[in-house]
>>> print(open('input-v4.tsv').read())   # TSV, C-alpha atoms and all ligand atoms
chain	number	residue	atom	x	y	z
W	1	MET	CA	2.79	23.43	14.21
W	2	ASN	CA	0.64	20.38	14.81
W	3	THR	CA	-0.79	19.72	11.37
W	4	GLU	CA	-2.53	16.56	12.44
W	5	THR	CA	-6.28	16.38	12.42
W	6	PRO	CA	-7.26	14.67	15.68
W	7	ALA	CA	-9.26	11.54	15.04
W	8	SER	CA	-12.00	12.97	17.26
W	9	ALA	CA	-12.43	15.80	14.76
W	10	ALA	CA	-13.67	13.26	12.26
W	11	GLY	CA	-16.56	12.51	14.57
W	12	THR	CA	-16.07	8.77	14.91
W	13	GLY	CA	-12.81	8.77	16.80
W	14	THR	CA	-10.82	6.09	15.01
W	15	VAL	CA	-7.26	6.68	13.89
W	16	LEU	CA	-8.33	5.92	10.32
W	17	ASP	CA	-11.03	8.60	10.30
W	18	GLY	CA	-8.61	11.17	11.66
W	19	ILE	CA	-6.08	10.36	8.94
W	20	ILE	CA	-8.71	10.57	6.21
W	21	ALA	CA	-9.90	13.98	7.43
W	22	GLY	CA	-6.35	15.29	7.02
W	23	VAL	CA	-5.96	13.61	3.63
W	24	ARG	CA	-9.07	15.39	2.37
W	25	GLU	CA	-7.76	18.78	3.52
W	26	ASP	CA	-4.38	18.27	1.87
W	27	LEU	CA	-6.10	17.01	-1.27
W	28	GLN	CA	-8.11	20.21	-1.67
W	29	ALA	CA	-4.92	22.26	-1.53
W	30	ARG	CA	-3.27	20.14	-4.25
W	31	ARG	CA	-6.42	20.27	-6.37
W	32	ALA	CA	-6.28	24.07	-6.30
W	33	GLU	CA	-2.72	23.87	-7.64
W	34	VAL	CA	-3.30	21.23	-10.32
W	35	PRO	CA	-6.89	21.05	-11.60
W	36	LEU	CA	-8.31	17.64	-12.56
W	37	ALA	CA	-8.26	18.51	-16.27
W	38	GLU	CA	-4.52	19.22	-16.15
W	39	LEU	CA	-3.93	15.97	-14.29
W	40	ARG	CA	-5.83	14.05	-16.96
W	41	ALA	CA	-3.62	15.64	-19.62
W	42	ARG	CA	-0.50	14.61	-17.71
W	43	VAL	CA	-1.76	11.02	-17.43
W	44	ALA	CA	-1.90	10.83	-21.23
W	45	ASP	CA	1.86	11.49	-21.39
W	46	VAL	CA	2.92	8.89	-18.82
W	47	PRO	CA	4.24	5.48	-19.97
W	48	LEU	CA	1.74	2.65	-19.52
W	49	ALA	CA	1.65	1.03	-16.06
W	50	LEU	CA	3.76	-2.07	-15.39
W	51	ASP	CA	1.89	-5.30	-14.63
W	52	GLY	CA	1.72	-5.35	-10.83
W	53	LEU	CA	-0.51	-8.43	-10.82
W	54	ALA	CA	2.04	-10.54	-12.70
W	55	ALA	CA	4.83	-9.30	-10.44
W	56	LEU	CA	3.05	-10.48	-7.28
W	57	ARG	CA	1.22	-13.60	-8.48
W	58	GLY	CA	2.66	-17.06	-7.81
W	59	GLY	CA	4.83	-16.42	-4.81
W	60	ARG	CA	3.06	-19.10	-2.76
W	61	ASP	CA	4.26	-21.81	-5.15
W	62	ASP	CA	7.62	-20.35	-6.03
W	63	ALA	CA	10.61	-22.34	-4.77
W	64	ALA	CA	12.56	-19.07	-5.08
W	65	GLY	CA	10.55	-17.76	-2.14
W	66	VAL	CA	7.67	-15.42	-1.48
W	67	ARG	CA	7.54	-12.06	-3.23
W	68	ILE	CA	8.38	-9.00	-1.15
W	69	ILE	CA	6.73	-5.60	-1.56
W	70	SER	CA	9.29	-3.26	0.00
W	71	GLU	CA	7.99	-0.04	1.45
W	72	VAL	CA	9.33	3.53	1.64
W	73	LYS	CA	7.89	4.77	4.95
W	74	ARG	CA	9.49	7.48	7.13
W	75	SER	CA	6.98	7.56	9.95
W	76	SER	CA	3.79	5.94	11.17
W	77	PRO	CA	0.98	6.74	13.63
W	78	SER	CA	1.93	3.76	15.80
W	79	LYS	CA	5.68	4.28	15.96
W	80	GLY	CA	6.30	7.94	15.05
W	81	SER	CA	9.54	8.59	13.17
W	82	LEU	CA	11.09	5.40	11.73
W	83	ALA	CA	13.85	6.61	9.40
W	84	GLU	CA	14.93	9.87	7.77
W	85	ILE	CA	15.18	8.43	4.22
W	86	PRO	CA	16.90	11.49	2.70
W	87	ASP	CA	17.16	9.70	-0.65
W	88	PRO	CA	14.15	7.48	-1.42
W	89	ALA	CA	15.63	6.65	-4.84
W	90	GLU	CA	18.71	5.14	-3.20
W	91	LEU	CA	16.51	3.06	-0.87
W	92	ALA	CA	14.40	1.88	-3.79
W	93	ARG	CA	17.51	0.84	-5.72
W	94	ALA	CA	18.63	-1.17	-2.70
W	95	TYR	CA	15.21	-2.83	-2.63
W	96	GLN	CA	15.53	-3.73	-6.30
W	97	ALA	CA	19.05	-5.08	-5.74
W	98	GLY	CA	17.75	-7.19	-2.86
W	99	GLY	CA	15.12	-8.86	-5.01
W	100	ALA	CA	11.94	-6.92	-4.20
W	101	SER	CA	9.04	-7.64	-6.56
W	102	ALA	CA	7.47	-4.20	-6.07
W	103	VAL	CA	8.07	-1.00	-4.13
W	104	SER	CA	5.37	0.65	-2.01
W	105	VAL	CA	5.66	4.41	-1.40
W	106	LEU	CA	3.74	6.19	1.38
W	107	THR	CA	2.57	9.55	0.01
W	108	GLU	CA	0.45	10.62	3.00
W	109	ARG	CA	2.05	13.68	4.61
W	110	ARG	CA	0.73	14.24	8.12
W	111	ARG	CA	1.21	10.84	9.77
W	112	PHE	CA	3.67	9.12	7.40
W	113	ALA	CA	5.82	12.09	6.24
W	114	GLY	CA	5.36	10.97	2.66
W	115	SER	CA	4.83	12.94	-0.56
W	116	LEU	CA	4.28	12.67	-4.28
W	117	ALA	CA	7.92	13.75	-4.65
W	118	ASP	CA	8.86	10.45	-2.98
W	119	LEU	CA	6.76	8.63	-5.56
W	120	ASP	CA	8.49	10.52	-8.39
W	121	ALA	CA	11.94	9.67	-7.00
W	122	VAL	CA	11.15	5.95	-6.65
W	123	ARG	CA	9.51	5.83	-10.08
W	124	ALA	CA	12.64	7.24	-11.68
W	125	ALA	CA	14.91	4.86	-9.77
W	126	VAL	CA	13.49	1.39	-10.40
W	127	ASP	CA	11.84	-0.61	-13.17
W	128	LEU	CA	9.70	-2.55	-10.69
W	129	PRO	CA	5.97	-2.00	-10.21
W	130	VAL	CA	5.46	0.91	-7.79
W	131	LEU	CA	2.47	1.09	-5.43
W	132	ARG	CA	1.13	4.44	-4.25
W	133	LYS	CA	0.35	3.82	-0.59
W	134	ASP	CA	-2.17	6.40	0.56
W	135	PHE	CA	-5.72	6.75	1.81
W	136	MET	CA	-7.50	6.83	-1.50
W	137	VAL	CA	-10.89	8.47	-1.06
W	138	ASP	CA	-11.26	10.71	-4.12
W	139	GLU	CA	-11.02	10.21	-7.91
W	140	TYR	CA	-8.38	12.94	-8.05
W	141	GLN	CA	-5.92	10.79	-6.10
W	142	PHE	CA	-6.10	8.01	-8.70
W	143	LEU	CA	-5.28	10.42	-11.51
W	144	GLU	CA	-2.43	11.73	-9.34
W	145	ALA	CA	-1.11	8.22	-8.80
W	146	ARG	CA	-1.03	7.47	-12.54
W	147	ALA	CA	0.34	10.93	-13.44
W	148	HIS	CA	3.24	10.25	-11.06
W	149	GLY	CA	3.92	6.82	-12.55
W	150	ALA	CA	2.29	4.48	-10.04
W	151	ASP	CA	1.40	1.01	-11.33
W	152	LEU	CA	-0.63	-0.02	-8.28
W	153	VAL	CA	-2.72	1.78	-5.68
W	154	LEU	CA	-4.04	0.75	-2.28
W	155	LEU	CA	-7.78	0.47	-1.64
W	156	ILE	CA	-8.62	0.18	2.06
W	157	VAL	CA	-11.92	-1.67	2.42
W	158	ALA	CA	-12.52	-0.18	5.90
W	159	ALA	CA	-12.37	3.34	4.43
W	160	LEU	CA	-14.83	2.83	1.57
W	161	ASP	CA	-18.42	1.67	1.11
W	162	ASP	CA	-19.10	-0.97	-1.56
W	163	THR	CA	-20.17	1.57	-4.18
W	164	ARG	CA	-16.96	3.57	-3.87
W	165	LEU	CA	-14.87	0.40	-3.60
W	166	ARG	CA	-16.36	-0.86	-6.86
W	167	ASP	CA	-16.10	2.53	-8.59
W	168	PHE	CA	-12.50	3.10	-7.51
W	169	LEU	CA	-11.48	-0.42	-8.54
W	170	ALA	CA	-13.00	0.21	-11.99
W	171	LEU	CA	-11.23	3.60	-12.21
W	172	THR	CA	-7.92	1.95	-11.21
W	173	HIS	CA	-8.28	-0.55	-14.05
W	174	GLU	CA	-9.42	2.11	-16.53
W	175	LEU	CA	-6.14	3.91	-15.81
W	176	GLY	CA	-4.23	0.71	-16.49
W	177	MET	CA	-3.25	0.16	-12.85
W	178	GLU	CA	-3.96	-2.65	-10.42
W	179	ALA	CA	-5.23	-2.34	-6.84
W	180	LEU	CA	-4.06	-3.96	-3.64
W	181	VAL	CA	-7.42	-4.22	-1.87
W	182	GLU	CA	-6.72	-4.28	1.84
W	183	ALA	CA	-8.81	-6.04	4.46
W	184	HIS	CA	-8.46	-6.71	8.17
W	185	THR	CA	-11.56	-8.78	8.93
W	186	GLU	CA	-13.36	-11.74	7.32
W	187	GLU	CA	-16.18	-9.40	6.35
W	188	GLU	CA	-13.75	-7.01	4.63
W	189	ILE	CA	-12.16	-9.93	2.73
W	190	SER	CA	-15.63	-10.93	1.58
W	191	ARG	CA	-16.35	-7.36	0.44
W	192	ALA	CA	-13.05	-7.18	-1.44
W	193	VAL	CA	-13.78	-10.44	-3.27
W	194	ASP	CA	-17.36	-9.40	-4.01
W	195	VAL	CA	-16.25	-6.23	-5.83
W	196	GLY	CA	-13.80	-8.25	-7.93
W	197	ALA	CA	-10.44	-7.60	-6.26
W	198	ARG	CA	-7.64	-9.57	-7.94
W	199	ILE	CA	-5.08	-8.78	-5.23
W	200	VAL	CA	-6.28	-9.00	-1.61
W	201	GLY	CA	-4.11	-7.97	1.31
W	202	VAL	CA	-4.65	-8.88	4.94
W	203	ASN	CA	-3.22	-6.14	7.12
W	204	VAL	CA	-2.40	-7.64	10.50
W	205	ARG	CA	-2.43	-4.05	11.83
W	206	ASN	CA	-5.91	-2.85	12.69
W	207	LEU	CA	-5.94	0.64	11.16
W	208	LYS	CA	-8.68	1.72	13.57
W	209	THR	CA	-6.82	0.84	16.76
W	210	LEU	CA	-3.22	0.32	15.50
W	211	ASP	CA	-3.07	-3.08	17.26
W	212	VAL	CA	-0.70	-5.51	15.45
W	213	ASP	CA	-1.00	-9.32	15.68
W	214	VAL	CA	1.09	-11.35	13.20
W	215	ALA	CA	-1.05	-14.42	13.97
W	216	HIS	CA	-3.97	-12.56	12.42
W	217	TYR	CA	-2.80	-13.44	8.90
W	218	GLY	CA	-3.09	-17.17	9.67
W	219	THR	CA	-6.54	-16.63	11.15
W	220	MET	CA	-7.74	-14.79	8.04
W	221	ALA	CA	-5.86	-16.74	5.34
W	222	ARG	CA	-8.48	-19.48	5.07
W	223	HIS	CA	-11.04	-16.88	3.98
W	224	LEU	CA	-8.95	-15.89	0.95
W	225	PRO	CA	-10.14	-17.56	-2.27
W	226	ASP	CA	-7.57	-19.53	-4.24
W	227	ASP	CA	-7.83	-17.33	-7.35
W	228	VAL	CA	-6.76	-14.03	-5.78
W	229	VAL	CA	-3.17	-12.93	-5.26
W	230	ARG	CA	-2.71	-13.01	-1.49
W	231	ILE	CA	-0.67	-10.36	0.35
W	232	ALA	CA	0.31	-10.46	4.02
W	233	GLU	CA	0.85	-6.93	5.29
W	234	SER	CA	2.71	-5.53	8.31
W	235	GLY	CA	4.29	-6.79	11.47
W	236	VAL	CA	7.41	-8.26	9.89
W	237	ASP	CA	10.28	-7.88	12.38
W	238	GLY	CA	12.50	-10.56	10.86
W	239	PRO	CA	12.72	-13.60	8.57
W	240	ASP	CA	10.61	-15.83	10.83
W	241	VAL	CA	7.46	-13.76	10.27
W	242	VAL	CA	8.05	-13.77	6.51
W	243	ALA	CA	8.46	-17.57	6.63
W	244	ASP	CA	5.27	-17.89	8.68
W	245	TYR	CA	3.25	-15.77	6.24
W	246	ALA	CA	4.67	-17.78	3.32
W	247	SER	CA	3.86	-21.08	5.03
W	248	ARG	CA	0.26	-19.92	5.27
W	249	GLY	CA	-0.05	-19.31	1.55
W	250	ALA	CA	0.88	-15.65	1.04
W	251	ASP	CA	2.07	-14.84	-2.48
W	252	ALA	CA	3.74	-11.67	-1.26
W	253	VAL	CA	4.60	-9.93	1.99
W	254	LEU	CA	4.50	-6.16	2.49
W	255	VAL	CA	7.38	-4.96	4.67
W	256	GLY	CA	8.07	-1.40	5.79
W	257	GLU	CA	9.58	-0.72	9.19
W	258	ALA	CA	11.99	-3.70	9.26
W	259	LEU	CA	13.48	-2.57	5.94
W	260	VAL	CA	13.62	1.21	6.39
W	261	ARG	CA	15.31	0.69	9.75
W	262	ASP	CA	17.86	-1.81	8.43
W	263	GLY	CA	21.32	-0.49	7.52
W	264	ASP	CA	21.49	-2.96	4.64
W	265	PRO	CA	17.96	-3.46	3.26
W	266	ALA	CA	19.19	-5.46	0.25
W	267	ALA	CA	20.77	-8.04	2.56
W	268	ALA	CA	17.70	-8.06	4.80
W	269	LEU	CA	15.54	-8.77	1.75
W	270	GLY	CA	17.82	-11.65	0.83
W	271	ARG	CA	17.36	-13.17	4.30
W	272	PHE	CA	13.58	-12.69	4.16
W	273	ARG	CA	13.24	-14.46	0.83
W	274	ALA	CA	15.65	-17.26	1.81
W	275	ALA	CA	13.64	-17.87	4.98
W	276	SER	CA	10.47	-18.32	2.94
W	277	ARG	CA	11.87	-20.85	0.46
W	278	SER	CA	9.93	-24.08	0.58
W	301	LIG	O1	5.92	-1.19	8.83
W	301	LIG	P1	5.26	-2.58	8.71
W	301	LIG	O2	4.73	-3.10	10.04
W	301	LIG	O3	6.20	-3.56	8.02
W	301	LIG	O4	3.97	-2.39	7.78
W	301	LIG	C1	4.16	-2.09	6.39
W	301	LIG	C2	2.78	-1.84	5.71
W	301	LIG	O5	2.05	-3.05	5.79
W	301	LIG	C3	2.03	-0.75	6.43
W	301	LIG	O6	2.78	0.45	6.30
W	301	LIG	C4	0.62	-0.53	5.88
W	301	LIG	C5	-0.21	-1.50	5.43
W	301	LIG	N1	-1.40	-0.97	5.03
W	301	LIG	C6	-1.35	0.40	5.25
W	301	LIG	C7	-2.30	1.37	5.00
W	301	LIG	C8	-1.98	2.69	5.29
W	301	LIG	C9	-0.73	2.99	5.83
W	301	LIG	C10	0.24	2.01	6.08
W	301	LIG	C11	-0.10	0.70	5.79
>>> encode(input="input-v4.tsv", output="structure tokens")
Amino acid sequence: MNTETPASAAGTGTVLDGIIAGVREDLQARRAEVPLAELRARVADVPLALDGLAALRGGRDDAAGVRIISEVKRSSPSKGSLAEIPDPAELARAYQAGGASAVSVLTERRRFAGSLADLDAVRAAVDLPVLRKDFMVDEYQFLEARAHGADLVLLIVAALDDTRLRDFLALTHELGMEALVEAHTEEEISRAVDVGARIVGVNVRNLKTLDVDVAHYGTMARHLPDDVVRIAESGVDGPDVVADYASRGADAVLVGEALVRDGDPAAALGRFRAASRS
């Protein structure tokens, strides 16, 4: 059964809008199962979030090499199926062994084959900060993230107006979490900074068209203020791209496909960080 909501159904035709339409449908189903009040009660019983900001800050000046956020991602709109990942906990442990500074977990179902069960498995497996990677468009999803032990969440500037961006950033902090605020353009970087983002990511993949250009990080890096933690996202196919991002001032690099497809992700991580050492 094709469970995907065609982008055209969202009315504006971009890939991002199509994904968000599906996210909203799936969210309503989960909300019927676990009402917001129950989720709030669960949040009260979860250990406090780990400090994701501290884990990612400083990579640009660290002789030990740039930080790596290692991602658990089975599939993507641009590439389809990437890896089965039957045991996300085992993959997360390999990431930790390889020196990852944080683990990102896709929880979006239709295009990334992710789930909250993946988040639970990774949370139980590592004592690193864990990022819930999803299309966060409703308060309920932030409570879900915390209730399932996430320390960080993703905020996609292109998916949110300034009011919601500001409100969701405040909610993230109220819950004790930190946000990776993701931009693609200079204008989106400016919006992220204006709402007070402490961690700003530049995704070299345009989520509206799926085009990927690793040179895009270098083009955008000069627009990143010195006092934010800078993340380069996507497009890593080997150590050279990690080294390039690091040379352009990234504190951390977010890597998915190259790691989930590698038979020895811990060793791959070791090569990535070695390549970035100043
Ligand atoms: O698989 P890659 O090219 O290494 O990319 C990882 C990560 O940057 C990418 O999965 C990502 C970045 N921002 C997102 C937002 C939604 C979904 C996915 C993403």
>>> residues_near_ligand(input="input-v4.tsv", ligand="ligand LIG 301 (chain W)", cutoff="8 Å", atoms="only C-alpha atoms and all ligand atoms", output="count of residues only")
27
>>> residues_around(input="input-v4.tsv", residues="Ile68 (chain W)", least_positions_apart="6", cutoff="7 Å", atoms="all atoms listed in the file", output="PDB file with C-alpha atoms, keeping the file's coordinate frame")
ATOM      1  CA  ALA W 100      11.940  -6.920  -4.200  1.00  0.00           C
ATOM      2  CA  SER W 101       9.040  -7.640  -6.560  1.00  0.00           C
ATOM      3  CA  ALA W 102       7.470  -4.200  -6.070  1.00  0.00           C
ATOM      4  CA  ALA W 252       3.740 -11.670  -1.260  1.00  0.00           C
ATOM      5  CA  VAL W 253       4.600  -9.930   1.990  1.00  0.00           C
ATOM      6  CA  LEU W 254       4.500  -6.160   2.490  1.00  0.00           C
TER       7      LEU W 254
END
>>> atom_distance(input="input-v4.tsv", atom1="CA of Tyr95 (chain W)", atom2="CA of Val126 (chain W)")
9.0 Å
>>> residues_around(input="input-v4.tsv", residues="region 263-268 of chain W", least_positions_apart="6", cutoff="9 Å", atoms="all atoms listed in the file", output="VMD selection string")
chain W and resid 91 93 to 100 238 to 239
>>> residues_around(input="input-v4.tsv", residues="Ala49 (chain W)", least_positions_apart="4", cutoff="6 Å", atoms="only C-alpha atoms", output="list in words")
Asp151, Gly176 and Met177 of chain W
>>> write_last_selection(input="input-v4.tsv", atoms="C-alpha atoms", output="JSON list (two decimals), in the frame of the given file")
[["chain", "number", "residue", "atom", "x", "y", "z"],
["W", 151, "ASP", "CA", 1.40, 1.01, -11.33],
["W", 176, "GLY", "CA", -4.23, 0.71, -16.49],
["W", 177, "MET", "CA", -3.25, 0.16, -12.85]]
>>> closest_residue(input="input-v4.tsv", among="W:Leu143, W:Leu16, W:Val122, W:Leu160", to="Arg31 (chain W)", atoms="only C-alpha atoms")
W:Leu143
>>> residues_around(input="input-v4.tsv", residues="Ala41 (chain W)", least_positions_apart="5", cutoff="10 Å", atoms="only C-alpha atoms", output="NGL selection string")
:W and (36 or 46 or 143 or 147)
>>> closest_residue(input="input-v4.tsv", among="W:Ser104, W:Gly218, W:Ala113, W:Phe142", to="Glu84 (chain W)", atoms="only C-alpha atoms")
W:Ala113
>>> atom_distance(input="input-v4.tsv", atom1="CA of Val193 (chain W)", atom2="CA of Val66 (chain W)")
22.1 Å
>>> build_atoms(input="input-v4.tsv", residues="region 180-212 of chain W", atoms="N, CA and C atoms", output="compact mmCIF listing (two decimals), in the frame of the given file")
# COMPACT_ATOMS: atom_id res chain seq x y z
N LEU W 180 -4.19 -3.09 -4.80
CA LEU W 180 -4.06 -3.96 -3.64
C LEU W 180 -5.24 -3.59 -2.74
N VAL W 181 -6.21 -4.49 -2.65
CA VAL W 181 -7.42 -4.22 -1.87
C VAL W 181 -7.21 -4.80 -0.48
N GLU W 182 -7.16 -3.91 0.50
CA GLU W 182 -6.72 -4.28 1.84
C GLU W 182 -7.87 -4.50 2.81
N ALA W 183 -7.80 -5.65 3.48
CA ALA W 183 -8.81 -6.04 4.46
C ALA W 183 -8.14 -6.30 5.80
N HIS W 184 -8.98 -6.29 6.85
CA HIS W 184 -8.46 -6.71 8.17
C HIS W 184 -9.33 -7.83 8.73
N THR W 185 -10.61 -7.80 8.38
CA THR W 185 -11.56 -8.78 8.93
C THR W 185 -12.08 -9.72 7.83
N GLU W 186 -12.75 -10.79 8.27
CA GLU W 186 -13.36 -11.74 7.32
C GLU W 186 -14.39 -11.02 6.46
N GLU W 187 -15.14 -10.14 7.08
CA GLU W 187 -16.18 -9.40 6.35
C GLU W 187 -15.56 -8.50 5.28
N GLU W 188 -14.42 -7.87 5.62
CA GLU W 188 -13.75 -7.01 4.63
C GLU W 188 -13.16 -7.84 3.50
N ILE W 189 -12.65 -9.04 3.81
CA ILE W 189 -12.16 -9.93 2.73
C ILE W 189 -13.31 -10.25 1.79
N SER W 190 -14.45 -10.58 2.39
CA SER W 190 -15.63 -10.93 1.58
C SER W 190 -16.05 -9.75 0.69
N ARG W 191 -16.00 -8.55 1.24
CA ARG W 191 -16.35 -7.36 0.44
C ARG W 191 -15.37 -7.14 -0.69
N ALA W 192 -14.09 -7.35 -0.40
CA ALA W 192 -13.05 -7.18 -1.44
C ALA W 192 -13.29 -8.17 -2.59
N VAL W 193 -13.55 -9.41 -2.25
CA VAL W 193 -13.78 -10.44 -3.27
C VAL W 193 -15.05 -10.14 -4.05
N ASP W 194 -16.08 -9.67 -3.34
CA ASP W 194 -17.36 -9.40 -4.01
C ASP W 194 -17.26 -8.30 -5.06
N VAL W 195 -16.37 -7.32 -4.85
CA VAL W 195 -16.25 -6.23 -5.83
C VAL W 195 -15.24 -6.59 -6.93
N GLY W 196 -14.66 -7.79 -6.84
CA GLY W 196 -13.80 -8.25 -7.93
C GLY W 196 -12.33 -7.98 -7.75
N ALA W 197 -11.88 -7.82 -6.51
CA ALA W 197 -10.44 -7.60 -6.26
C ALA W 197 -9.63 -8.79 -6.77
N ARG W 198 -8.52 -8.50 -7.44
CA ARG W 198 -7.64 -9.57 -7.94
C ARG W 198 -6.45 -9.77 -7.00
N ILE W 199 -6.15 -8.72 -6.22
CA ILE W 199 -5.08 -8.78 -5.23
C ILE W 199 -5.70 -8.39 -3.89
N VAL W 200 -5.67 -9.28 -2.92
CA VAL W 200 -6.28 -9.00 -1.61
C VAL W 200 -5.20 -9.08 -0.54
N GLY W 201 -5.08 -8.00 0.22
CA GLY W 201 -4.11 -7.97 1.31
C GLY W 201 -4.82 -8.11 2.64
N VAL W 202 -4.20 -8.85 3.55
CA VAL W 202 -4.65 -8.88 4.94
C VAL W 202 -3.63 -8.10 5.75
N ASN W 203 -4.10 -6.94 6.28
CA ASN W 203 -3.22 -6.14 7.12
C ASN W 203 -3.36 -6.63 8.55
N VAL W 204 -2.31 -7.14 9.12
CA VAL W 204 -2.40 -7.64 10.50
C VAL W 204 -2.49 -6.49 11.49
N ARG W 205 -2.25 -5.25 10.99
CA ARG W 205 -2.43 -4.05 11.83
C ARG W 205 -3.85 -3.56 11.64
N ASN W 206 -4.56 -3.40 12.74
CA ASN W 206 -5.91 -2.85 12.69
C ASN W 206 -5.78 -1.33 12.56
N LEU W 207 -6.16 -0.79 11.41
CA LEU W 207 -5.94 0.64 11.16
C LEU W 207 -6.82 1.51 12.05
N LYS W 208 -7.82 0.91 12.70
CA LYS W 208 -8.68 1.72 13.57
C LYS W 208 -8.12 1.83 14.98
N THR W 209 -7.34 0.82 15.38
CA THR W 209 -6.82 0.84 16.76
C THR W 209 -5.29 0.80 16.79
N LEU W 210 -4.68 0.47 15.65
CA LEU W 210 -3.22 0.32 15.50
C LEU W 210 -2.68 -0.94 16.16
N ASP W 211 -3.55 -1.80 16.71
CA ASP W 211 -3.07 -3.08 17.26
C ASP W 211 -2.47 -3.92 16.13
N VAL W 212 -1.35 -4.63 16.43
CA VAL W 212 -0.70 -5.51 15.45
C VAL W 212 -0.63 -6.92 16.03
